[in-house]
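data.cif follows; it contains mmCIF, C-alpha atoms.
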```cif
data_protein
loop_
_atom_site.group_PDB
_atom_site.id
_atom_site.type_symbol
_atom_site.label_atom_id
_atom_site.label_comp_id
_atom_site.auth_asym_id
_atom_site.auth_seq_id
_atom_site.Cartn_x
_atom_site.Cartn_y
_atom_site.Cartn_z
ATOM 1 C CA MET A 15 0.000 0.000 0.000
ATOM 2 C CA SER A 16 1.276 3.464 -0.755
ATOM 3 C CA LEU A 17 -0.050 6.884 0.091
ATOM 4 C CA PRO A 18 0.786 10.181 -1.577
ATOM 5 C CA ALA A 19 3.319 11.778 0.751
ATOM 6 C CA GLU A 20 2.099 15.377 0.744
ATOM 7 C CA PRO A 21 -1.565 14.782 1.715
ATOM 8 C CA PHE A 22 -0.365 12.339 4.382
ATOM 9 C CA ARG A 23 2.060 14.901 5.848
ATOM 10 C CA ARG A 24 -0.688 17.508 5.825
ATOM 11 C CA LEU A 25 -3.045 15.144 7.671
ATOM 12 C CA LEU A 26 -0.411 14.441 10.329
ATOM 13 C CA ALA A 27 0.336 18.166 10.754
ATOM 14 C CA GLU A 28 -3.328 19.155 10.996
ATOM 15 C CA ASP A 29 -4.798 16.289 12.993
ATOM 16 C CA GLY A 30 -2.820 15.383 16.106
ATOM 17 C CA GLU A 31 -5.213 12.560 17.044
ATOM 18 C CA ALA A 32 -4.768 10.942 13.641
ATOM 19 C CA ALA A 33 -0.993 11.225 13.981
ATOM 20 C CA ILE A 34 -1.021 9.606 17.422
ATOM 21 C CA SER A 35 -3.362 6.868 16.224
ATOM 22 C CA ILE A 36 -1.149 6.068 13.226
ATOM 23 C CA ILE A 37 2.011 6.018 15.340
ATOM 24 C CA ALA A 38 0.351 3.813 17.967
ATOM 25 C CA SER A 39 -0.848 1.401 15.291
ATOM 26 C CA ALA A 40 2.594 1.218 13.687
ATOM 27 C CA ALA A 41 4.224 0.637 17.086
ATOM 28 C CA ALA A 42 1.748 -2.136 17.954
ATOM 29 C CA HIS A 43 2.387 -3.801 14.606
ATOM 30 C CA ALA A 44 6.167 -3.588 15.080
ATOM 31 C CA ARG A 45 5.845 -5.056 18.590
ATOM 32 C CA ALA A 46 3.644 -7.910 17.333
ATOM 33 C CA THR A 47 6.072 -8.653 14.505
ATOM 34 C CA THR A 48 9.042 -8.683 16.881
ATOM 35 C CA ASP A 49 7.201 -10.926 19.357
ATOM 36 C CA HIS A 50 6.261 -13.285 16.526
ATOM 37 C CA LEU A 51 9.860 -13.517 15.299
ATOM 38 C CA VAL A 52 11.250 -14.088 18.788
ATOM 39 C CA ARG A 53 8.657 -16.794 19.399
ATOM 40 C CA LEU A 54 9.411 -18.492 16.081
ATOM 41 C CA LYS A 55 13.158 -18.514 16.614
ATOM 42 C CA ALA A 56 12.755 -19.956 20.111
ATOM 43 C CA MET A 57 10.877 -22.995 18.787
ATOM 44 C CA SER A 58 11.946 -25.974 16.707
ATOM 45 C CA GLY A 59 10.946 -26.297 13.082
ATOM 46 C CA VAL A 60 8.649 -29.217 13.913
ATOM 47 C CA TRP A 61 6.875 -27.132 16.543
ATOM 48 C CA ARG A 62 6.490 -24.226 14.102
ATOM 49 C CA ALA A 63 5.057 -26.529 11.423
ATOM 50 C CA GLY A 64 2.621 -28.122 13.885
ATOM 51 C CA ASP A 65 1.552 -24.743 15.209
ATOM 52 C CA LEU A 66 0.993 -23.540 11.642
ATOM 53 C CA LEU A 67 -1.164 -26.564 10.787
ATOM 54 C CA LEU A 68 -3.303 -25.980 13.883
ATOM 55 C CA LYS A 69 -3.756 -22.343 12.876
ATOM 56 C CA LEU A 70 -4.688 -23.349 9.323
ATOM 57 C CA SER A 71 -7.205 -25.830 10.735
ATOM 58 C CA ARG A 72 -8.762 -23.053 12.857
ATOM 59 C CA ASP A 73 -8.794 -20.761 9.807
ATOM 60 C CA ASN A 74 -10.745 -23.496 7.998
ATOM 61 C CA GLY A 75 -13.482 -23.653 10.624
ATOM 62 C CA GLY A 76 -11.739 -26.320 12.682
ATOM 63 C CA ARG A 77 -11.679 -28.800 9.810
ATOM 64 C CA VAL A 78 -9.274 -31.701 10.181
ATOM 65 C CA ARG A 79 -8.922 -32.079 6.389
ATOM 66 C CA PHE A 80 -8.096 -29.018 4.335
ATOM 67 C CA VAL A 81 -6.066 -27.757 1.411
ATOM 68 C CA LEU A 82 -2.888 -25.811 2.121
ATOM 69 C CA PRO A 83 -3.592 -22.199 1.114
ATOM 70 C CA TYR A 84 -0.148 -21.681 -0.456
ATOM 71 C CA GLU A 85 2.730 -23.751 -1.765
ATOM 72 C CA LYS A 86 4.723 -25.488 0.945
ATOM 73 C CA SER A 87 7.759 -23.324 0.190
ATOM 74 C CA VAL A 88 5.722 -20.165 0.902
ATOM 75 C CA LEU A 89 4.278 -21.609 4.115
ATOM 76 C CA GLY A 90 7.713 -22.727 5.269
ATOM 77 C CA HIS A 91 9.126 -19.294 4.597
ATOM 78 C CA SER A 92 6.295 -17.720 6.629
ATOM 79 C CA ILE A 93 7.552 -19.576 9.716
ATOM 80 C CA GLY A 94 11.245 -19.099 9.000
ATOM 81 C CA LEU A 95 12.025 -22.495 7.474
ATOM 82 C CA ARG A 96 13.723 -23.348 4.209
ATOM 83 C CA PRO A 97 11.656 -25.652 1.985
ATOM 84 C CA GLU A 98 13.718 -28.736 2.831
ATOM 85 C CA SER A 99 13.489 -28.032 6.570
ATOM 86 C CA PHE A 100 9.739 -27.495 6.299
ATOM 87 C CA SER A 101 9.342 -30.808 4.434
ATOM 88 C CA ARG A 102 11.334 -32.635 7.136
ATOM 89 C CA ALA A 103 9.247 -31.014 9.860
ATOM 90 C CA LEU A 104 6.009 -32.043 8.135
ATOM 91 C CA SER A 105 7.313 -35.608 7.786
ATOM 92 C CA GLN A 106 8.084 -35.740 11.505
ATOM 93 C CA LEU A 107 4.511 -34.682 12.278
ATOM 94 C CA ALA A 108 3.275 -38.000 10.874
ATOM 95 C CA ALA A 109 4.083 -39.398 14.336
ATOM 96 C CA VAL A 110 1.249 -37.280 15.762
ATOM 97 C CA GLY A 111 -1.263 -38.043 13.029
ATOM 98 C CA VAL A 112 -0.547 -35.534 10.261
ATOM 99 C CA THR A 113 -0.840 -36.980 6.769
ATOM 100 C CA PHE A 114 -0.851 -35.551 3.279
ATOM 101 C CA GLU A 115 -3.031 -36.778 0.441
ATOM 102 C CA GLY A 116 -2.235 -34.813 -2.698
ATOM 103 C CA ASP A 117 -3.116 -31.185 -1.953
ATOM 104 C CA PHE A 118 -4.923 -32.100 1.274
ATOM 105 C CA VAL A 119 -3.658 -32.117 4.852
ATOM 106 C CA GLN A 120 -5.342 -34.570 7.190
ATOM 107 C CA LEU A 121 -5.080 -34.139 10.956
ATOM 108 C CA THR A 122 -6.108 -37.642 12.005
ATOM 109 C CA SER A 123 -5.770 -36.665 15.640
ATOM 110 C CA PRO A 124 -5.902 -32.900 16.174
ATOM 111 C CA GLU A 125 -5.763 -33.553 19.922
ATOM 112 C CA ARG A 126 -2.411 -35.336 19.575
ATOM 113 C CA LEU A 127 -1.045 -32.541 17.400
ATOM 114 C CA ARG A 128 -2.279 -29.919 19.869
ATOM 115 C CA ALA A 129 -0.732 -31.847 22.780
ATOM 116 C CA PHE A 130 2.541 -32.160 20.855
ATOM 117 C CA VAL A 131 2.654 -28.424 20.131
ATOM 118 C CA THR A 132 1.733 -27.600 23.723
ATOM 119 C CA ASN A 133 4.393 -29.970 25.098
ATOM 120 C CA CYS A 134 7.032 -28.614 22.711
ATOM 121 C CA PHE A 135 6.088 -25.159 23.825
ATOM 122 C CA GLY A 136 7.116 -26.086 27.357
ATOM 123 C CA SER A 137 7.718 -23.231 29.735
ATOM 124 C CA HIS A 138 7.969 -20.435 27.171
ATOM 125 C CA SER A 139 5.981 -17.369 28.107
ATOM 126 C CA ALA A 140 3.971 -16.867 24.917
ATOM 127 C CA LYS A 141 0.526 -18.431 24.613
ATOM 128 C CA ALA A 142 0.425 -22.030 23.398
ATOM 129 C CA VAL A 143 -2.110 -23.086 20.823
#
```
Rewrite the coordinates I just gave you, this time as structure tokens.
Amino acid sequence: MSLPAEPFRRLLAEDGEAAISIIASAAAHARATTDHLVRLKAMSGVWRAGDLLLKLSRDNGGRVRFVLPYEKSVLGHSIGLRPESFSRALSQLAAVGVTFEGDFVQLTSPERLRAFVTNCFGSHSAKAV
């Protein structure tokens, strides 16, 4: 998204509340991004992949069988994993009931996956899934 610079500067100069609101929003977004990155780097690739699959399941109305919304390489990148690392992590999740059938992901036991992610999460301070 891009905004013409001059009208934006004028808005900030003329409307102090708008300026404060924009700065607060940008700061909150930066904080959330930093927290997300710290959380990702603190967790193993398998945990990140499992956490992602649980989120995708929630995004699909809690379905246990769904299509990945993007290519695996894009999804892996979104959680800080190279494609080969993401593939290995997904393979390891078979032990907790994650299978792939063509373009579909099947969570044969979402409870086991959730327990795995929660146990991997351990004593970290961010909220477990």
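Residues matched by the PyMOL selection byres ((chain A and resi 93) around 8) in this structure: Leu54, Arg62, Ala63, Leu66, Leu89, Gly90, His91, Ser92, Gly94 and Leu95 of chain A.
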Go ahead and save the picked residues with C-alpha atoms, as a compact mmCIF listing (two decimals), keeping the file's coordinate frame.
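The file below, result-v4.txt, is the result:
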```txt
# COMPACT_ATOMS: atom_id res chain seq x y z
CA LEU A 54 9.41 -18.49 16.08
CA ARG A 62 6.49 -24.23 14.10
CA ALA A 63 5.06 -26.53 11.42
CA LEU A 66 0.99 -23.54 11.64
CA LEU A 89 4.28 -21.61 4.12
CA GLY A 90 7.71 -22.73 5.27
CA HIS A 91 9.13 -19.29 4.60
CA SER A 92 6.30 -17.72 6.63
CA GLY A 94 11.24 -19.10 9.00
CA LEU A 95 12.02 -22.50 7.47
```
Legend entry - Residues near range 19-22 of chain A, cut-off 12 Å, all atoms listed in the file, skip fewer than 6 positions along chain, as a ChimeraX atom specification: /A:28-29,32-33,36
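Here CA of Gly111 in chain A is placed at a distance of 7.6 Å from CA of Pro124 in chain A.
Here CA of Leu82 in chain A and CA of Leu121 in chain A stand 12.3 Å from one another.
The spacing separating CA of Pro83 in chain A from CA of Glu115 in chain A amounts to 14.6 Å.
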Inset, instruction - Considering all atoms listed in the file, state which residue in the set A:Ala44, A:Ala27, A:Val52, A:Leu107 is at the smallest distance from Leu67 in chain A. - result: A:Leu107
For this file, the PyMOL selection byres ((chain A and resi 70) around 12) selects which residues, as a PDB file with C-alpha atoms, in the frame of the given file?
```
ATOM      1  CA  ALA A  63       5.057 -26.529  11.423  1.00  0.00           C
ATOM      2  CA  GLY A  64       2.621 -28.122  13.885  1.00  0.00           C
ATOM      3  CA  ASP A  65       1.552 -24.743  15.209  1.00  0.00           C
ATOM      4  CA  LEU A  66       0.993 -23.540  11.642  1.00  0.00           C
ATOM      5  CA  LEU A  67      -1.164 -26.564  10.787  1.00  0.00           C
ATOM      6  CA  LEU A  68      -3.303 -25.980  13.883  1.00  0.00           C
ATOM      7  CA  LYS A  69      -3.756 -22.343  12.876  1.00  0.00           C
ATOM      8  CA  SER A  71      -7.205 -25.830  10.735  1.00  0.00           C
ATOM      9  CA  ARG A  72      -8.762 -23.053  12.857  1.00  0.00           C
ATOM     10  CA  ASP A  73      -8.794 -20.761   9.807  1.00  0.00           C
ATOM     11  CA  ASN A  74     -10.745 -23.496   7.998  1.00  0.00           C
ATOM     12  CA  GLY A  75     -13.482 -23.653  10.624  1.00  0.00           C
ATOM     13  CA  GLY A  76     -11.739 -26.320  12.682  1.00  0.00           C
ATOM     14  CA  ARG A  77     -11.679 -28.800   9.810  1.00  0.00           C
ATOM     15  CA  VAL A  78      -9.274 -31.701  10.181  1.00  0.00           C
ATOM     16  CA  ARG A  79      -8.922 -32.079   6.389  1.00  0.00           C
ATOM     17  CA  PHE A  80      -8.096 -29.018   4.335  1.00  0.00           C
ATOM     18  CA  VAL A  81      -6.066 -27.757   1.411  1.00  0.00           C
ATOM     19  CA  LEU A  82      -2.888 -25.811   2.121  1.00  0.00           C
ATOM     20  CA  PRO A  83      -3.592 -22.199   1.114  1.00  0.00           C
ATOM     21  CA  TYR A  84      -0.148 -21.681  -0.456  1.00  0.00           C
ATOM     22  CA  LEU A  89       4.278 -21.609   4.115  1.00  0.00           C
ATOM     23  CA  PHE A 118      -4.923 -32.100   1.274  1.00  0.00           C
ATOM     24  CA  VAL A 119      -3.658 -32.117   4.852  1.00  0.00           C
ATOM     25  CA  GLN A 120      -5.342 -34.570   7.190  1.00  0.00           C
ATOM     26  CA  LEU A 121      -5.080 -34.139  10.956  1.00  0.00           C
ATOM     27  CA  PRO A 124      -5.902 -32.900  16.174  1.00  0.00           C
ATOM     28  CA  VAL A 143      -2.110 -23.086  20.823  1.00  0.00           C
TER      29      VAL A 143
END
```
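Proximity of A:Arg24, A:Gly30, A:Trp61, A:Glu85 to Ala129 in chain A, computed with all atoms listed in the file, is greatest for A:Trp61.
You can rank A:Ser123, A:Thr132, A:Ser87, A:Ser58 by their closest distance to Ala103 in chain A using all atoms listed in the file, and at the top of that list sits A:Ser58.
Closest to Ala109 in chain A among A:Arg96, A:Ile37, A:Lys86, A:Val60 is A:Val60, based on only C-alpha atoms.
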